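Q: Attaching a single structure in structure tokens format; questions to follow.
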Amino acid sequence: MHITLSINGKDHELDLDPRTSVLDALRDHLDLIGTKKGCDHGQCGACTVLVNGRRINSCLTLAVMHEGDAITTIEGLGTPEALSPLQAAFVAHDGFQCGYCTPGQICSATGMLEEMRAGWPSHVSEDLLAAPDLSDAEISERMSGNLCRCSAYTNIVAAITEVAEARDEAV
Amino acid sequence: MRPFEYHRAGSVADATTHAASGAARFIAGGTNLLDLMKLDIERPERLIDISRLPLDAIEENEDGGLRIGALVSNADLAADLRVRRDHGVLSRALLSGASGQLRNKATTAGNLLQRTRCYYFYNPALPCNKREPGSGCSAIGGRNRIHAILGGSAQCIATHPSDMAVAMMALSAEVEVMSAGGEGRRLPLAELYRLPGDTPHIETVLNPGDLITAVLLPAPLKGRHIYRKVRDRASYAFALVSVAAVIKMDGATIGAARLAFGGLAPMPWRDRAVEDVLIGQSPSSALWNKAADRLLAEAKGYGENDFKSVLVRKTLASVLSDASVREI
Ligand SMILES: Cc1cc2nc3c(=O)[nH]c(=O)nc-3n(C[C@H](O)[C@H](O)[C@H](O)COP(=O)(O)OP(=O)(O)OC[C@H]3O[C@@H](n4cnc5c(N)ncnc54)[C@H](O)[C@@H]3O)c2cc1C
Ligand code: SF4
Ligand code: FES
Ligand code: FES
């Protein structure tokens, strides 16, 4: 099928087998290999990208279903010269060891902070109607869809907390 | 994955017509269907993409209830202010399920129709009556720690994995369906599902081409809402046992009780007889045990899952104690 995908603000024309996942379209057809394949079954979060600002698993969705959507990958969040706040915080806090889960963690955290800003509760929120607090428990629960085989979790939470706090101060 | 023909539905009528013939499947969020297609367990020849249909609104009904479009994401439903305020058990159930990423993609109808996580259903190398009718059930006499103790049959003891559906069952939700012939109908959620009996591969009463268009919630029930999920890890895991409860006190006694259970049966499980045990009674651990006795009267363990009887008894008692605190 002939489709156009908008990725990191740029349109790409592609001829794809309808079976192609967004993940495979990115990696195998567009050479955007920042997005990683871990399990290919929605279980690890390594493939997390943002679609219209929302974090999703790119392995469990078809490219042909996303014409007209704005897809953002780790390459679109920042560049080595101009890191996004979360990218910089992951570096500063050693939020990784091997780095394989990191693009997914950072895309996921980017979407997650927007969800918190919108006031979404989580499984560990005491009160469904109160604004969520920025505790380690809240961040861990909201990030549980991203596994880290190196178990860099403590530093990942620290990196996310720093960005969230800086953002809160700026408001 | 096997090849399939892809069709993006332009309207509800277009979707149902295209799905009525052949081995067609609707795809909404795709988080369950694609998972199973990659493993060659689901083998549709045609995929009808319904994700762009205008079925993604949550509206207030005249009766004070909510009409939830079939395509509302699990994330949006959990975060909706009216759901958080008036149907807390539903928000809680949704938030306990899957992950942030999956909830953004998973839809209301797709969640209701997700298929079992039975290990053998997922393993084409081994017999499974649900995947391959007549081949046998590997879970009976095999590994069955996550399997059903209620509602199963000699052909299949798989559980329904949804959290959301358990809360909707407690809330007496209804499902709105559009047929390929253009006829709409409404049925209680409890009547959507079929128990396995001799045909475990048939899981619902839906006909080919039937599209779920919405889920309807009745007017808010008030009272205390609790969803308690017991699982092997604290997040991002399916329920071993879960309890959805809405309890309304009438002074010192229980005025109204709605209970539904996950992880116990091939469908989200509700047994009015259990609720009847509680009505008009004062809270006590003896009463909680009586309710559990009623729930488990016909329970049957298969070895590895025997623990579920004990687990649900304890979970029910803890939920009822927390929910039946006298309102001051
Ligand atoms: C790693 C992982 C963990 C998970 N953990 C949990 C958990 O803890 N709790 C939980 O409840 N769930 C869990 N899930 C399951 C998840 O909730 C479901 O995959 C999701 O809800 C399915 O919704 P969907 O829109 O993606 O469905 P799809 O995959 O698009 O569809 C599922 C089925 O529904 C049919 N369908 C979809 N929409 C309609 C419609 N409108 N009318 C008729 N038929 C329709 C499709 O044809 C298909 O057969 C988990 C999933 C994964 C991958
Ligand atoms: S319990 Fe059901 S799904 Fe599991 S192996 Fe037996 S028949 Fe298959
Ligand atoms: S590769 Fe998509 S969740 Fe693991
Ligand atoms: S840094 Fe190695 S998997 Fe997370």
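In the structure tokens, the first chain shown is A, the next is B, and so on; residue numbers restart at 1 for each chain, and ligands run from 1 in the order shown.
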I'd like a table as CSV: residues in chain A with an atom no more than 7 Å from ligand 3, each row giving the shortest atom pair and its distance in Å to one decimal, only C-alpha atoms and all ligand atoms counted, sorted by chain and rising residue number.
A:
residue,atom,partner,partner_atom_place_in_ligand_line,distance
A:Lys36,CA,ligand 3,1 (S),6.6
A:Lys37,CA,ligand 3,1 (S),4.1
A:Gly38,CA,ligand 3,1 (S),4.1
A:Cys39,CA,ligand 3,4 (Fe),3.8
A:Asp40,CA,ligand 3,1 (S),3.8
A:His41,CA,ligand 3,3 (S),5.4
A:Gly42,CA,ligand 3,3 (S),3.4
A:Gln43,CA,ligand 3,3 (S),4.5
A:Cys44,CA,ligand 3,4 (Fe),3.9
A:Gly45,CA,ligand 3,3 (S),3.9
A:Ala46,CA,ligand 3,4 (Fe),5.2
A:Cys47,CA,ligand 3,2 (Fe),4.4
A:Thr48,CA,ligand 3,2 (Fe),6.7
A:Asn57,CA,ligand 3,2 (Fe),5.0
A:Ser58,CA,ligand 3,2 (Fe),5.9
A:Cys59,CA,ligand 3,2 (Fe),4.3
A:Leu60,CA,ligand 3,2 (Fe),6.5
Q: What residues have any atom no more than 9 Å from ligand 4 when counting only C-alpha atoms and all ligand atoms, and can you list them as an MDAnalysis selection string?
A: chainID A and resid 46 95:102 105 146:153
Q: Export C-alpha atoms of the chosen residues as a short mmCIF file (atom, residue, chain, number, x, y, z; two decimals), in the first residue's frame?
A:
data_model
loop_
_atom_site.label_atom_id
_atom_site.label_comp_id
_atom_site.auth_asym_id
_atom_site.auth_seq_id
_atom_site.Cartn_x
_atom_site.Cartn_y
_atom_site.Cartn_z
CA ALA A 46 11.31 -0.34 24.21
CA GLY A 95 19.49 6.86 33.83
CA PHE A 96 20.80 3.85 31.88
CA GLN A 97 23.55 1.29 31.58
CA CYS A 98 23.37 -0.46 28.19
CA GLY A 99 20.92 2.16 26.88
CA TYR A 100 18.69 -0.24 24.98
CA CYS A 101 15.50 0.68 26.84
CA THR A 102 16.40 4.39 27.00
CA GLN A 105 11.91 5.32 28.53
CA ASN A 146 8.94 0.35 30.38
CA LEU A 147 11.16 -2.47 31.53
CA CYS A 148 14.90 -1.98 32.05
CA ARG A 149 16.96 -5.15 31.94
CA CYS A 150 19.88 -3.29 33.55
CA SER A 151 17.56 -2.13 36.33
CA ALA A 152 18.49 1.54 36.12
CA TYR A 153 15.12 2.32 37.65
#
Q: Closest to chain A among B:His147, B:Lys229, B:Lys300, B:His160, using only C-alpha atoms?
A: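 Answer, going by the shortest atom-to-atom distance: B:Lys229.
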Q: Return as a short mmCIF file (atom, residue, chain, number, x, y, z; two decimals) with N, CA and C atoms, in the first residue's frame every polymer residue, whether protein, DNA or RNA, with at least one atom no more than 7 Å from an atom of ligand 2; count only C-alpha atoms and all ligand atoms.
A:
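Final output, saved to part.cif:
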data_model
loop_
_atom_site.label_atom_id
_atom_site.label_comp_id
_atom_site.auth_asym_id
_atom_site.auth_seq_id
_atom_site.Cartn_x
_atom_site.Cartn_y
_atom_site.Cartn_z
N THR B 116 -8.38 -14.67 26.05
CA THR B 116 -7.75 -15.17 27.28
C THR B 116 -6.22 -15.16 27.21
N CYS B 118 -4.56 -17.65 28.65
CA CYS B 118 -4.18 -19.05 28.90
C CYS B 118 -2.90 -19.37 28.14
N TYR B 119 -1.92 -19.97 28.83
CA TYR B 119 -0.61 -20.23 28.20
C TYR B 119 -0.73 -21.10 26.95
N TYR B 120 -1.68 -22.04 27.00
CA TYR B 120 -1.79 -23.00 25.89
C TYR B 120 -2.51 -22.38 24.69
N PHE B 121 -3.42 -21.48 24.98
CA PHE B 121 -4.06 -20.74 23.89
C PHE B 121 -2.98 -19.99 23.10
N PRO B 127 -2.25 -28.71 22.32
CA PRO B 127 -3.70 -28.74 22.11
C PRO B 127 -4.43 -27.65 22.89
N CYS B 128 -5.48 -27.12 22.30
CA CYS B 128 -6.32 -26.11 22.95
C CYS B 128 -7.64 -26.05 22.21
N ASN B 129 -8.71 -26.36 22.91
CA ASN B 129 -10.05 -26.37 22.28
C ASN B 129 -10.51 -25.00 21.82
N LYS B 130 -10.02 -23.98 22.46
CA LYS B 130 -10.44 -22.63 22.09
C LYS B 130 -9.78 -22.22 20.77
N ARG B 131 -8.51 -22.57 20.65
CA ARG B 131 -7.77 -22.21 19.43
C ARG B 131 -8.11 -23.19 18.32
N GLY B 136 -8.55 -30.71 22.35
CA GLY B 136 -8.33 -31.02 23.76
C GLY B 136 -7.94 -29.79 24.54
N CYS B 137 -7.98 -29.89 25.87
CA CYS B 137 -7.60 -28.77 26.73
C CYS B 137 -6.35 -29.15 27.50
N SER B 138 -5.27 -28.44 27.22
CA SER B 138 -4.00 -28.76 27.89
C SER B 138 -3.96 -28.27 29.33
N ALA B 139 -4.85 -27.34 29.67
CA ALA B 139 -4.78 -26.76 31.02
C ALA B 139 -5.36 -27.71 32.07
N ILE B 140 -6.37 -28.48 31.66
CA ILE B 140 -6.95 -29.45 32.60
C ILE B 140 -5.95 -30.61 32.69
N HIS B 147 -6.07 -20.25 35.93
CA HIS B 147 -7.34 -20.63 35.29
C HIS B 147 -8.56 -20.51 36.20
N GLN B 155 -14.26 -28.79 28.65
CA GLN B 155 -13.55 -28.45 27.40
C GLN B 155 -12.60 -27.27 27.56
N CYS B 156 -12.85 -26.41 28.56
CA CYS B 156 -12.04 -25.19 28.68
C CYS B 156 -12.25 -24.53 30.03
N ILE B 157 -11.14 -24.13 30.65
CA ILE B 157 -11.22 -23.44 31.94
C ILE B 157 -10.46 -22.10 31.89
N ALA B 158 -10.43 -21.51 30.71
CA ALA B 158 -9.72 -20.23 30.55
C ALA B 158 -10.47 -19.11 31.27
N PRO B 200 -15.85 -23.75 23.42
CA PRO B 200 -15.07 -22.66 24.01
C PRO B 200 -14.53 -21.65 23.00
#
Q: Pick the closest to ligand 1 from A:Ile139, A:Leu62, A:Leu77, A:Ala130: which is it, counting only C-alpha atoms and all ligand atoms?
A: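 That would be A:Leu62, the residue with the smallest distance to ligand 1.
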Q: What are the residues of chain A lining chain B at 8 Å or less? Count only C-alpha atoms, and put the answer as JSON, numbers by chain.
A: {"A": [18, 19, 41, 42, 45, 48, 54, 55, 56, 57, 60, 61, 65, 108, 112, 120, 121, 122, 123, 128, 129, 141, 142, 143, 144, 145]}
Q: For A:Gly78, work out the shell of residues within 12 Å, counting only C-alpha atoms and skipping chain neighbours fewer than 3 positions away, then give it as a short mmCIF file (atom, residue, chain, number, x, y, z; two decimals) with C-alpha atoms, in the first residue's frame.
A:
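Wrote it out as part23.cif, contents follow:
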data_model
loop_
_atom_site.label_atom_id
_atom_site.label_comp_id
_atom_site.auth_asym_id
_atom_site.auth_seq_id
_atom_site.Cartn_x
_atom_site.Cartn_y
_atom_site.Cartn_z
CA ASN A 8 9.13 14.17 13.49
CA GLY A 34 16.51 5.03 17.70
CA THR A 72 7.37 11.57 17.23
CA THR A 73 10.35 9.32 17.88
CA ILE A 74 13.40 9.76 20.09
CA GLU A 75 15.14 11.38 17.09
CA GLU A 81 23.64 19.15 20.13
CA ALA A 82 20.25 20.15 21.56
CA LEU A 83 19.01 17.49 23.97
CA SER A 84 15.46 17.60 25.26
CA PRO A 85 15.21 18.23 29.03
CA LEU A 86 14.52 14.55 29.67
CA GLN A 87 17.39 13.42 27.44
CA ALA A 88 19.75 15.75 29.32
CA PRO A 103 14.70 5.78 23.87
CA ILE A 106 12.39 8.90 27.37
CA CYS A 107 9.49 8.88 24.89
CA THR A 110 7.65 12.64 27.77
#
Q: Within 8 Å of B:Ile68, counting only C-alpha atoms, which residues show up once you throw out same-chain ones fewer than 4 positions away? Write them as a ChimeraX atom specification, please.
A: /B:56-59,72,108,214-217
Q: Would you mind exporting N, CA, C and O atoms of the selected residues as a short mmCIF file (atom, residue, chain, number, x, y, z; two decimals), in the first residue's frame?
A:
data_model
loop_
_atom_site.label_atom_id
_atom_site.label_comp_id
_atom_site.auth_asym_id
_atom_site.auth_seq_id
_atom_site.Cartn_x
_atom_site.Cartn_y
_atom_site.Cartn_z
N ASP B 56 -15.88 7.91 19.54
CA ASP B 56 -14.90 8.12 20.61
C ASP B 56 -15.35 9.17 21.63
O ASP B 56 -14.54 9.81 22.28
N ALA B 57 -16.67 9.34 21.77
CA ALA B 57 -17.16 10.34 22.72
C ALA B 57 -17.77 9.68 23.95
O ALA B 57 -18.26 8.55 23.90
N ILE B 58 -17.70 10.39 25.07
CA ILE B 58 -18.39 9.98 26.29
C ILE B 58 -19.49 11.02 26.51
O ILE B 58 -19.19 12.20 26.69
N GLU B 59 -20.74 10.57 26.45
CA GLU B 59 -21.86 11.52 26.54
C GLU B 59 -22.75 11.19 27.72
O GLU B 59 -22.87 10.03 28.11
N VAL B 72 -13.57 4.91 22.62
CA VAL B 72 -12.94 5.70 23.69
C VAL B 72 -11.77 4.88 24.24
O VAL B 72 -11.92 3.70 24.53
N THR B 108 -12.51 0.71 24.37
CA THR B 108 -13.55 0.15 25.25
C THR B 108 -14.05 -1.19 24.71
O THR B 108 -14.09 -2.19 25.44
N ALA B 214 -21.20 1.17 21.50
CA ALA B 214 -21.09 1.90 22.77
C ALA B 214 -21.32 0.97 23.95
O ALA B 214 -21.88 -0.12 23.81
N VAL B 215 -20.90 1.45 25.11
CA VAL B 215 -21.24 0.82 26.39
C VAL B 215 -22.03 1.86 27.18
O VAL B 215 -21.64 3.03 27.23
N LEU B 216 -23.13 1.42 27.77
CA LEU B 216 -23.98 2.34 28.52
C LEU B 216 -23.88 2.06 30.01
O LEU B 216 -24.02 0.91 30.43
N LEU B 217 -23.64 3.11 30.77
CA LEU B 217 -23.64 2.97 32.22
C LEU B 217 -24.90 3.62 32.77
O LEU B 217 -25.26 4.71 32.36
#
